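With mmCIF, C-alpha atoms inside, this is data-v8.cif:
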```cif
data_entry
loop_
_atom_site.label_atom_id
_atom_site.label_comp_id
_atom_site.auth_asym_id
_atom_site.auth_seq_id
_atom_site.Cartn_x
_atom_site.Cartn_y
_atom_site.Cartn_z
CA MET K 533 23.88 -8.20 -4.05
CA ASN K 534 24.26 -11.91 -4.86
CA GLU K 535 20.63 -13.08 -4.72
CA THR K 536 21.61 -16.76 -4.91
CA ALA K 537 23.41 -16.41 -1.57
CA THR K 538 20.74 -14.30 0.09
CA ARG K 539 18.57 -15.75 2.83
CA VAL K 540 15.42 -13.96 1.72
CA TYR K 541 14.77 -10.94 -0.47
CA ALA K 542 11.92 -9.08 -2.14
CA GLU K 543 12.35 -8.49 -5.85
CA ILE K 544 10.51 -5.33 -6.95
CA ASP K 545 9.75 -4.98 -10.64
CA LEU K 546 9.46 -1.24 -11.29
CA ASP K 547 8.13 -1.89 -14.78
CA ALA K 548 5.13 -3.53 -13.11
CA VAL K 549 4.61 -0.36 -11.06
CA ARG K 550 4.74 1.73 -14.23
CA GLU K 551 2.39 -0.59 -16.11
CA ASN K 552 -0.09 -0.58 -13.23
CA VAL K 553 -0.09 3.21 -13.06
CA ARG K 554 -0.75 3.41 -16.78
CA ALA K 555 -3.55 0.85 -16.53
CA LEU K 556 -5.16 2.77 -13.68
CA ARG K 557 -4.89 6.03 -15.59
CA GLU K 558 -6.80 4.37 -18.43
CA ARG K 559 -9.59 3.55 -15.96
CA ALA K 560 -9.88 7.25 -15.08
CA PRO K 561 -8.78 9.04 -18.26
CA ARG K 562 -10.21 12.45 -17.30
CA SER K 563 -8.67 12.50 -13.83
CA GLU K 564 -5.20 12.98 -12.45
CA LEU K 565 -3.72 10.05 -10.54
CA MET K 566 -2.16 10.04 -7.10
CA ALA K 567 0.16 7.12 -6.35
CA VAL K 568 -0.02 6.42 -2.64
CA VAL K 569 3.42 5.50 -1.30
CA LYS K 570 2.65 5.38 2.41
CA ALA K 571 4.10 2.59 4.57
CA ASN K 572 7.23 2.42 2.40
CA ALA K 573 5.03 2.08 -0.70
CA TYR K 574 3.11 -0.80 0.88
CA GLY K 575 6.43 -2.51 1.56
CA HIS K 576 7.83 -2.01 -1.94
CA GLY K 577 10.15 0.96 -1.30
CA ALA K 578 8.81 4.49 -1.29
CA VAL K 579 11.51 6.35 -3.21
CA ALA K 580 11.96 3.85 -6.04
CA CYS K 581 8.22 3.38 -6.48
CA ALA K 582 7.53 7.12 -6.29
CA GLU K 583 10.00 7.69 -9.11
CA ALA K 584 8.52 4.89 -11.20
CA ALA K 585 4.97 6.13 -10.64
CA ARG K 586 5.96 9.66 -11.64
CA GLU K 587 7.58 8.32 -14.79
CA ALA K 588 4.30 6.59 -15.69
CA GLY K 589 2.23 9.75 -15.30
CA ALA K 590 1.23 9.97 -11.64
CA THR K 591 0.96 13.70 -10.99
CA TRP K 592 0.56 13.36 -7.21
CA LEU K 593 2.06 11.23 -4.47
CA GLY K 594 0.28 10.44 -1.23
CA THR K 595 1.63 9.61 2.22
CA ALA K 596 0.00 9.02 5.56
CA THR K 597 2.55 10.52 7.95
CA PRO K 598 4.46 13.77 7.60
CA ASP K 599 7.73 11.91 8.17
CA GLU K 600 7.00 9.88 5.04
CA ALA K 601 6.38 13.02 3.00
CA LEU K 602 9.50 14.76 4.30
CA ALA K 603 11.61 11.67 3.61
CA LEU K 604 10.52 11.80 -0.03
CA ARG K 605 11.56 15.43 -0.24
CA ALA K 606 14.90 14.61 1.41
CA ALA K 607 15.45 11.95 -1.26
CA GLY K 608 14.94 14.54 -3.99
CA ILE K 609 11.37 13.62 -4.97
CA GLY K 610 9.68 16.69 -6.42
CA GLY K 611 6.15 17.44 -7.51
CA ARG K 612 2.95 17.41 -5.51
CA ILE K 613 2.70 15.35 -2.32
CA LEU K 614 -0.33 15.13 -0.04
CA CYS K 615 0.11 14.07 3.59
CA TRP K 616 -3.01 13.35 5.65
CA LEU K 617 -2.36 11.78 9.07
CA TRP K 618 -1.51 14.54 11.52
CA THR K 619 -1.44 14.81 15.30
CA PRO K 620 -1.17 17.98 17.40
CA GLY K 621 2.34 19.38 17.48
CA GLY K 622 3.35 17.69 14.22
CA PRO K 623 6.01 19.09 11.88
CA TRP K 624 3.66 21.54 10.18
CA ARG K 625 6.30 24.17 9.50
CA GLU K 626 8.69 21.63 7.98
CA ALA K 627 5.91 20.40 5.71
CA VAL K 628 4.95 23.93 4.67
CA GLU K 629 8.57 24.75 3.90
CA ALA K 630 8.90 21.53 1.89
CA ASP K 631 5.85 22.43 -0.25
CA VAL K 632 3.85 19.46 1.00
CA ASP K 633 0.06 19.71 0.73
CA VAL K 634 -1.35 18.97 4.18
CA ALA K 635 -4.77 17.56 5.00
CA VAL K 636 -6.95 19.25 7.59
CA SER K 637 -9.88 17.46 9.24
CA GLY K 638 -10.69 19.86 12.06
CA MET K 639 -10.21 23.31 13.52
CA TRP K 640 -7.21 22.40 15.67
CA ALA K 641 -5.30 21.31 12.56
CA LEU K 642 -6.21 24.44 10.63
CA ASP K 643 -5.07 26.57 13.57
CA GLU K 644 -1.72 24.77 13.73
CA VAL K 645 -1.03 25.00 10.01
CA ARG K 646 -1.91 28.69 9.98
CA ALA K 647 0.58 29.29 12.79
CA ALA K 648 3.21 27.28 10.91
CA ALA K 649 2.60 29.30 7.76
CA ARG K 650 3.07 32.56 9.65
CA ALA K 651 6.30 31.25 11.21
CA ALA K 652 7.59 30.11 7.83
CA GLY K 653 6.56 33.31 6.11
CA ARG K 654 4.82 31.47 3.29
CA THR K 655 1.42 30.19 2.28
CA ALA K 656 0.51 26.65 3.31
CA ARG K 657 -1.19 24.36 0.81
CA VAL K 658 -4.15 22.76 2.55
CA GLN K 659 -6.73 20.12 1.59
CA LEU K 660 -9.90 19.87 3.65
CA LYS K 661 -11.04 16.33 4.33
CA ALA K 662 -14.73 15.53 4.78
CA ASP K 663 -16.02 12.55 6.74
CA THR K 664 -18.80 11.35 4.45
CA GLY K 665 -19.42 8.13 6.36
CA LEU K 666 -16.16 6.29 7.00
CA GLY K 667 -16.09 7.54 10.59
CA ARG K 668 -12.32 7.84 10.75
CA ASN K 669 -10.41 11.00 9.89
CA GLY K 670 -12.23 13.91 8.26
CA CYS K 671 -14.65 16.63 9.28
CA GLN K 672 -18.23 15.67 10.10
CA PRO K 673 -21.00 17.35 8.06
CA ALA K 674 -22.24 19.12 11.20
CA ASP K 675 -18.84 20.84 11.58
CA TRP K 676 -18.17 21.42 7.89
CA ALA K 677 -19.53 24.97 7.77
CA GLU K 678 -17.26 26.09 10.60
CA LEU K 679 -14.16 24.52 9.04
CA VAL K 680 -14.94 25.86 5.57
CA GLY K 681 -15.60 29.34 6.96
CA ALA K 682 -12.31 29.36 8.83
CA ALA K 683 -10.46 28.11 5.75
CA VAL K 684 -12.00 30.86 3.62
CA ALA K 685 -10.84 33.44 6.18
CA ALA K 686 -7.35 31.92 6.34
CA GLN K 687 -7.13 31.97 2.58
CA ALA K 688 -8.17 35.63 2.55
CA GLU K 689 -5.39 36.51 4.99
CA GLY K 690 -2.87 34.60 2.86
CA THR K 691 -1.78 31.96 5.36
CA VAL K 692 -3.31 29.06 3.45
CA GLN K 693 -4.39 28.12 -0.03
CA VAL K 694 -7.07 25.45 -0.17
CA THR K 695 -5.85 23.18 -2.96
CA GLY K 696 -8.21 20.27 -2.46
CA LEU K 697 -11.43 18.90 -1.00
CA TRP K 698 -11.59 15.18 -0.41
CA SER K 699 -13.01 12.18 1.38
CA HIS K 700 -12.62 8.40 1.58
CA PHE K 701 -14.94 5.47 0.96
CA ALA K 702 -15.65 2.86 3.62
CA CYS K 703 -16.79 -0.02 1.39
CA ALA K 704 -15.77 0.65 -2.21
CA ASP K 705 -14.11 -2.77 -2.19
CA GLU K 706 -17.58 -4.34 -1.84
CA PRO K 707 -19.38 -3.60 -5.12
CA GLY K 708 -22.97 -2.51 -4.56
CA HIS K 709 -22.54 -1.90 -0.84
CA PRO K 710 -25.38 0.35 0.42
CA SER K 711 -22.95 2.87 1.94
CA ILE K 712 -21.38 3.84 -1.39
CA ALA K 713 -24.18 5.94 -2.88
CA PRO K 714 -24.88 7.89 0.36
CA GLN K 715 -21.19 8.66 0.77
CA LEU K 716 -20.95 9.92 -2.78
CA ALA K 717 -24.06 12.06 -2.30
CA ALA K 718 -22.70 13.48 0.97
CA PHE K 719 -19.42 14.33 -0.74
CA ARG K 720 -21.21 16.16 -3.53
CA ASP K 721 -23.20 18.15 -0.97
CA MET K 722 -20.09 19.09 1.01
CA LEU K 723 -18.28 20.08 -2.17
CA ALA K 724 -21.19 22.24 -3.26
CA TYR K 725 -21.26 24.03 0.07
CA ALA K 726 -17.51 24.71 0.12
CA GLU K 727 -17.54 25.99 -3.44
CA LYS K 728 -20.58 28.18 -2.72
CA GLU K 729 -18.61 29.72 0.14
CA GLY K 730 -15.84 30.68 -2.25
CA LEU K 731 -13.34 27.80 -2.24
CA GLU K 732 -11.96 26.85 -5.65
CA PRO K 733 -9.93 23.66 -5.16
CA GLU K 734 -7.51 22.37 -7.74
CA VAL K 735 -8.56 18.80 -7.05
CA ARG K 736 -11.62 17.08 -5.60
CA HIS K 737 -11.18 13.41 -4.83
CA ILE K 738 -12.78 10.46 -3.09
CA ALA K 739 -11.86 7.44 -5.26
CA ASN K 740 -9.40 4.91 -3.83
CA SER K 741 -8.08 1.86 -5.72
CA PRO K 742 -11.36 -0.11 -5.79
CA ALA K 743 -13.39 2.97 -6.68
CA THR K 744 -10.93 3.79 -9.46
CA LEU K 745 -11.53 0.30 -10.86
CA THR K 746 -15.32 0.09 -10.41
CA LEU K 747 -16.93 3.51 -9.79
CA PRO K 748 -16.27 5.95 -12.64
CA GLU K 749 -18.85 8.35 -11.19
CA SER K 750 -16.48 8.85 -8.23
CA HIS K 751 -13.40 9.88 -10.17
CA PHE K 752 -13.78 13.69 -10.04
CA ASP K 753 -10.45 15.52 -10.62
CA LEU K 754 -8.12 12.99 -9.03
CA VAL K 755 -8.07 9.29 -8.11
CA ARG K 756 -5.92 8.01 -5.24
CA CYS K 757 -4.46 4.60 -5.99
CA GLY K 758 -2.58 2.65 -3.36
CA ILE K 759 -2.53 -1.14 -3.36
CA ALA K 760 -3.47 -1.39 -7.05
CA VAL K 761 -0.28 0.48 -8.01
CA TYR K 762 1.63 -2.52 -6.69
CA GLY K 763 -0.45 -5.08 -8.56
CA VAL K 764 -2.36 -6.48 -5.60
CA SER K 765 -6.12 -6.81 -5.93
CA PRO K 766 -8.02 -4.49 -3.58
CA ALA K 767 -10.48 -7.30 -2.87
CA PRO K 768 -11.13 -10.85 -4.09
CA GLU K 769 -14.67 -9.76 -5.08
CA LEU K 770 -13.18 -7.40 -7.65
CA GLY K 771 -11.07 -10.06 -9.34
CA THR K 772 -7.49 -11.22 -9.51
CA PRO K 773 -4.73 -8.79 -10.47
CA ALA K 774 -4.68 -10.19 -14.00
CA GLN K 775 -8.46 -9.82 -14.32
CA LEU K 776 -8.08 -6.19 -13.25
CA GLY K 777 -5.29 -5.55 -15.74
CA LEU K 778 -2.61 -5.35 -13.04
CA ARG K 779 0.69 -7.13 -12.45
CA PRO K 780 2.19 -7.87 -9.01
CA ALA K 781 5.36 -5.85 -8.46
CA MET K 782 6.80 -7.82 -5.52
CA THR K 783 8.16 -11.35 -5.62
CA LEU K 784 9.35 -12.70 -2.27
CA LYS K 785 12.11 -15.29 -2.62
CA ALA K 786 14.22 -17.33 -0.22
CA SER K 787 17.06 -19.82 -0.49
CA VAL K 788 16.48 -23.27 0.99
CA ALA K 789 18.71 -23.50 4.06
CA LEU K 790 18.56 -27.23 4.75
CA VAL K 791 17.07 -30.44 3.38
CA LYS K 792 16.93 -33.58 5.52
CA GLU K 793 15.24 -36.95 5.70
CA VAL K 794 13.03 -37.72 8.68
CA PRO K 795 11.07 -40.85 9.67
CA ALA K 796 7.33 -41.31 9.91
CA GLY K 797 5.75 -39.82 12.99
CA HIS K 798 8.29 -36.99 13.28
CA GLY K 799 6.97 -33.72 14.72
CA VAL K 800 7.70 -30.51 12.85
CA SER K 801 8.18 -27.08 14.44
CA TYR K 802 6.75 -25.68 17.67
CA GLY K 803 3.84 -27.52 19.21
CA HIS K 804 4.10 -30.45 16.78
CA HIS K 805 0.96 -29.31 15.00
CA TYR K 806 2.33 -31.17 11.98
CA VAL K 807 3.55 -34.78 12.22
CA THR K 808 4.94 -36.63 9.20
CA GLU K 809 2.78 -39.47 7.92
CA GLY K 810 5.68 -41.46 6.48
CA GLU K 811 9.37 -41.18 5.69
CA THR K 812 9.86 -37.87 3.97
CA ARG K 813 12.20 -34.97 3.37
CA LEU K 814 11.87 -31.56 4.95
CA ALA K 815 13.11 -28.29 3.44
CA LEU K 816 13.89 -25.37 5.71
CA ILE K 817 12.83 -21.92 4.47
CA PRO K 818 14.89 -19.29 6.32
CA ALA K 819 12.19 -16.64 6.76
CA GLY K 820 9.61 -16.17 9.48
CA TYR K 821 7.35 -13.73 11.22
CA ALA K 822 10.28 -11.43 12.07
CA ASP K 823 10.53 -10.93 8.31
CA GLY K 824 6.79 -10.39 7.97
CA ILE K 825 5.72 -13.94 7.10
CA PRO K 826 2.37 -14.24 8.91
CA ARG K 827 2.33 -16.80 11.72
CA HIS K 828 -1.41 -17.14 11.15
CA ALA K 829 -0.58 -18.90 7.87
CA SER K 830 1.08 -21.77 9.76
CA GLY K 831 0.24 -25.08 8.15
CA SER K 832 -1.13 -23.50 4.98
CA GLY K 833 1.13 -20.75 3.60
CA PRO K 834 2.00 -21.68 -0.04
CA VAL K 835 5.51 -21.87 -1.49
CA LEU K 836 6.67 -22.62 -5.02
CA LEU K 837 9.58 -25.03 -4.57
CA GLY K 838 10.97 -27.64 -6.92
CA GLY K 839 8.40 -26.78 -9.56
CA ARG K 840 5.40 -27.41 -7.31
CA ILE K 841 3.24 -25.43 -4.92
CA ARG K 842 3.76 -26.76 -1.41
CA HIS K 843 2.63 -25.52 1.99
CA ALA K 844 4.17 -24.59 5.32
CA ALA K 845 4.28 -27.70 7.54
CA GLY K 846 3.55 -26.78 11.14
CA ARG K 847 4.17 -23.48 12.85
CA ILE K 848 5.86 -20.57 11.15
CA ALA K 849 8.54 -19.43 13.59
CA MET K 850 10.31 -16.11 14.03
CA ASP K 851 13.04 -16.77 11.49
CA GLN K 852 12.10 -19.94 9.62
CA PHE K 853 9.49 -22.50 8.63
CA VAL K 854 9.44 -25.96 7.15
CA VAL K 855 8.00 -27.45 3.96
CA ASP K 856 7.40 -31.20 3.62
CA ILE K 857 8.69 -31.96 0.12
CA GLY K 858 8.07 -35.72 0.09
CA ALA K 859 10.44 -38.67 0.00
CA GLY K 860 11.37 -38.67 -3.67
CA GLU K 861 11.55 -34.97 -4.42
CA LEU K 862 14.82 -33.45 -5.62
CA VAL K 863 15.33 -30.22 -3.69
CA ARG K 864 18.73 -29.06 -2.48
CA PRO K 865 20.07 -26.39 -0.12
CA GLY K 866 20.35 -23.14 -2.04
CA ASP K 867 17.38 -23.84 -4.29
CA GLU K 868 15.01 -20.94 -4.79
CA ALA K 869 11.70 -20.89 -2.98
CA VAL K 870 9.10 -18.36 -4.10
CA LEU K 871 6.72 -17.45 -1.31
CA PHE K 872 4.61 -15.13 -3.44
CA GLY K 873 4.80 -13.31 -6.72
CA ASP K 874 2.81 -13.42 -9.94
CA PRO K 875 0.29 -16.27 -10.29
CA GLU K 876 0.50 -15.82 -14.05
CA ARG K 877 3.99 -17.36 -13.70
CA GLY K 878 2.63 -20.20 -11.58
CA GLU K 879 3.71 -18.59 -8.32
CA PRO K 880 1.58 -18.18 -5.19
CA SER K 881 0.12 -14.71 -4.83
CA ALA K 882 -0.04 -12.27 -1.94
CA GLU K 883 -3.78 -12.96 -1.98
CA ASP K 884 -3.06 -16.69 -1.49
CA TRP K 885 -1.09 -15.87 1.65
CA ALA K 886 -3.86 -13.51 2.74
CA ARG K 887 -6.39 -16.33 2.52
CA ALA K 888 -4.05 -18.64 4.42
CA ALA K 889 -3.62 -16.04 7.17
CA ARG K 890 -7.26 -14.90 7.10
CA THR K 891 -6.31 -11.32 6.29
CA ILE K 892 -6.01 -9.09 3.21
CA GLY K 893 -3.36 -8.78 0.53
CA TYR K 894 -2.50 -5.25 1.72
CA GLU K 895 -1.15 -6.66 4.97
CA ILE K 896 0.92 -9.40 3.33
CA VAL K 897 3.07 -7.04 1.24
CA THR K 898 3.14 -4.18 3.73
CA ARG K 899 4.36 -6.30 6.65
CA ILE K 900 7.51 -7.55 4.86
CA GLY K 901 10.14 -6.24 7.25
CA GLU K 902 13.26 -4.14 7.08
CA ARG K 903 15.65 -7.06 7.34
CA VAL K 904 14.38 -8.32 3.97
CA PRO K 905 16.44 -6.56 1.27
CA ARG K 906 14.59 -5.04 -1.67
CA VAL K 907 16.13 -5.71 -5.06
CA TYR K 908 14.87 -3.41 -7.82
CA ARG K 909 14.48 -4.51 -11.41
CA ASN K 910 13.88 -2.30 -14.42
CA GLY K 911 14.90 0.91 -12.75
CA ARG K 912 17.53 3.12 -14.26
CA THR K 913 19.86 0.36 -13.05
CA ALA K 914 19.14 -2.75 -10.99
CA THR K 915 19.69 -1.77 -7.35
CA ALA K 916 19.36 -3.25 -3.90
CA GLU K 917 18.67 -1.73 -0.52
#
```
Whole structure, structure tokens version:
Amino acid sequence: MNETATRVYAEIDLDAVRENVRALRERAPRSELMAVVKANAYGHGAVACAEAAREAGATWLGTATPDEALALRAAGIGGRILCWLWTPGGPWREAVEADVDVAVSGMWALDEVRAAARAAGRTARVQLKADTGLGRNGCQPADWAELVGAAVAAQAEGTVQVTGLWSHFACADEPGHPSIAPQLAAFRDMLAYAEKEGLEPEVRHIANSPATLTLPESHFDLVRCGIAVYGVSPAPELGTPAQLGLRPAMTLKASVALVKEVPAGHGVSYGHHYVTEGETRLALIPAGYADGIPRHASGSGPVLLGGRIRHAAGRIAMDQFVVDIGAGELVRPGDEAVLFGDPERGEPSAEDWARAARTIGYEIVTRIGERVPRVYRNGRTATAE
């Protein structure tokens, strides 16, 4: 792919993924590390990032949906994969046959995976998820005894093997939040009960990216790292990527499509929410909300262009937005505009766009759409998709 002629593309540095995995492993040296590659590896490309994470020592991969897990297997990705977001009637048998570890949060799910295991003629690998206070997926403490008892029975009959016990924090990205200690205590209690009843899991885990970085007492046998693998800070309160020892893996670039002079008082983009103060030049960036550029960052989204940080002028549209570059600035069609990347190189960050759009860095990278090609650097060979 000729990047200089490309409208917009996301450059993914796989060395950054590897470095981040190694840095996170150093934060939890006695635990295994799961690299979470759900949502196309938070927009970075699931297969390429899964391979890079494995190369750097991630012993597990994590996905939300079963389709994501099965796609990894279809691409030839081996090793352990945990998949946790199931609905009734899901592809349980396919997952069992693909040696995917499946999460179970309630009796209906355990019943379905047992049936799938019988149909497949093999033992299903199952991880029981406890709701310790997040209030989303997971089994409530009041129902834990029933689920554990049924899992023990299923394991005795050979339909399942319970490979893990796990949970998820609600507020680990807010250091000192009062929910953290009670959740950790609840998890320890639920672990103790399950193990007393005879379960011997390979891995016990509750730590996500922020907990991996700040709560060593939560590391147990495995830490699950998602956004941090890609060099995005889990929360501004925790620090910048550089302060956390991480490096952003994605750089979003576009080629300037047009530069033109306009007079004072000229409206820019839909609604004329921006009007030029004097004679100036406008540069057209050919990317918009159909590519994942957040419309909520209209008027404030930062762009590195012509050696300076500038900001979106007026509304971000479906396919394009405008930057006011000033009357004397030398910017030409085809020049590179960096929407976000590594602030250590003077580029705006995903977190900068998150602040502009009043959201979180997770959303900025994850929402970059399919019509934006990914160009991979520092893989076995540089590739594009």
Task: Counting all atoms listed in the file, the residue of K:Ala886, K:Ile544, K:Leu565, K:Ile848 that sits nearest Gly873 (chain K) - done: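 Closest to Gly873 (chain K) of all the choices is K:Ile544.
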Task: K:Ala548, K:Ala606, K:Val791, K:Ala641 ranked by distance to Ala588 (chain K), top pick (using only C-alpha atoms) - done: K:Ala548
For the structure provided, state which residues fall under the PyMOL selection byres ((chain K and resi 863) around 12), and present them as a compact mmCIF listing (two decimals) with C-alpha atoms, in the coordinates of the input.
```
# COMPACT_ATOMS: atom_id res chain seq x y z
CA SER K 787 17.06 -19.82 -0.49
CA VAL K 788 16.48 -23.27 0.99
CA ALA K 789 18.71 -23.50 4.06
CA LEU K 790 18.56 -27.23 4.75
CA VAL K 791 17.07 -30.44 3.38
CA LYS K 792 16.93 -33.58 5.52
CA GLU K 793 15.24 -36.95 5.70
CA ARG K 813 12.20 -34.97 3.37
CA LEU K 814 11.87 -31.56 4.95
CA ALA K 815 13.11 -28.29 3.44
CA LEU K 816 13.89 -25.37 5.71
CA ILE K 817 12.83 -21.92 4.47
CA LEU K 836 6.67 -22.62 -5.02
CA LEU K 837 9.58 -25.03 -4.57
CA GLY K 838 10.97 -27.64 -6.92
CA GLY K 839 8.40 -26.78 -9.56
CA ARG K 840 5.40 -27.41 -7.31
CA VAL K 855 8.00 -27.45 3.96
CA ASP K 856 7.40 -31.20 3.62
CA ILE K 857 8.69 -31.96 0.12
CA GLY K 858 8.07 -35.72 0.09
CA ALA K 859 10.44 -38.67 0.00
CA GLY K 860 11.37 -38.67 -3.67
CA GLU K 861 11.55 -34.97 -4.42
CA LEU K 862 14.82 -33.45 -5.62
CA ARG K 864 18.73 -29.06 -2.48
CA PRO K 865 20.07 -26.39 -0.12
CA GLY K 866 20.35 -23.14 -2.04
CA ASP K 867 17.38 -23.84 -4.29
CA GLU K 868 15.01 -20.94 -4.79
CA ALA K 869 11.70 -20.89 -2.98
```
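Atom pair CA of Leu604 (chain K) / CA of Ser637 (chain K): separated by 23.1 Å.
Nearest to Glu543 (chain K) of all the residues K:Pro620, K:Pro905, K:Gly911, K:Pro561 is K:Pro905, counting only C-alpha atoms.
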Open item on the list: To one decimal place in Å, what is the distance between CA of Gly763 (chain K) and CA of Leu660 (chain K)?
Closed with: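 One can read the CA of Gly763 (chain K) to CA of Leu660 (chain K) distance as 29.3 Å.
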Open item on the list: Ranking K:Val735, K:Leu666, K:Met850, K:Ala683 by minimum distance to Ser711 (chain K) and counting all atoms listed in the file, which one comes first?
Closed with: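 Between K:Val735, K:Leu666, K:Met850, K:Ala683, the residue approaching Ser711 (chain K) most closely is K:Leu666.
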Open item on the list: So that I can check the surroundings of region 684-700 of chain K, please list as a PyMOL selection string every protein, DNA and RNA residue that reaches within 6 Å of it, counting only C-alpha atoms and ignoring chain neighbours fewer than 2 positions away.
Closed with: chain K and resi 646+649+655-662+681-682+733-738
Open item on the list: Give me the residues near Val755 (chain K) as an NGL selection string, where near means some atom within 9 Å (using all atoms listed in the file) and where sequence neighbours in that chain fewer than 2 positions away do not count.
Closed with: :K and (557 or 560 or 563-567 or 736-741 or 743-744 or 750-753 or 757)
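Residues within 10 Å of Thr619 (chain K), counting all atoms listed in the file and excluding same-chain residues fewer than 2 positions away, are Thr597, Pro598, Trp616, Leu617, Gly621, Gly622, Pro623, Trp624, Trp640 and Ala641 of chain K.
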Task: Explicit residue set for the PyMOL selection byres ((chain K and resi 629) around 12), as a PyMOL selection string - done: chain K and resi 601-602+605+623-628+630-634+645+648-657
The PyMOL selection byres ((chain K and resi 584) around 8) on the file shown: which residues, as a PDB file with C-alpha atoms, keeping the file's coordinate frame?
```pdb
ATOM      1  CA  LEU K 546       9.460  -1.240 -11.290  1.00  0.00           C
ATOM      2  CA  ASP K 547       8.130  -1.890 -14.780  1.00  0.00           C
ATOM      3  CA  VAL K 549       4.610  -0.360 -11.060  1.00  0.00           C
ATOM      4  CA  ARG K 550       4.740   1.730 -14.230  1.00  0.00           C
ATOM      5  CA  ALA K 580      11.960   3.850  -6.040  1.00  0.00           C
ATOM      6  CA  CYS K 581       8.220   3.380  -6.480  1.00  0.00           C
ATOM      7  CA  ALA K 582       7.530   7.120  -6.290  1.00  0.00           C
ATOM      8  CA  GLU K 583      10.000   7.690  -9.110  1.00  0.00           C
ATOM      9  CA  ALA K 585       4.970   6.130 -10.640  1.00  0.00           C
ATOM     10  CA  ARG K 586       5.960   9.660 -11.640  1.00  0.00           C
ATOM     11  CA  GLU K 587       7.580   8.320 -14.790  1.00  0.00           C
ATOM     12  CA  ALA K 588       4.300   6.590 -15.690  1.00  0.00           C
ATOM     13  CA  GLY K 911      14.900   0.910 -12.750  1.00  0.00           C
TER      14      GLY K 911
END
```
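Minimum atom-to-atom distances from K:Thr898, K:Ser881, K:Thr812, K:Thr783 to Tyr541 (chain K) were compared using all atoms listed in the file, and the lowest value belongs to K:Thr783.
When CA of Gly878 (chain K) is paired with CA of Tyr908 (chain K), their separation reads 21.1 Å.
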Enclose all atoms of region 884-897 of chain K listed in the file in an axis-aligned box, grow every side by 4 Å, and hand back centre and edge lengths in Å to one decimal, as AutoDock Vina command-line options.
```
--center_x -2.1 --center_y -11.9 --center_z 2.8 --size_x 18.3 --size_y 21.4 --size_z 16.7
```
Task: Near-His805 (chain K) list (8 Å; all atoms listed in the file; drop same-chain fewer than 6 positions) as an NGL selection string - done: :K and (799 or 846-847)
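Minimum atom-to-atom distance to His576 (chain K), evaluated using all atoms listed in the file, belongs to K:Glu902 out of K:Glu879, K:Asp663, K:Asp721, K:Glu902.
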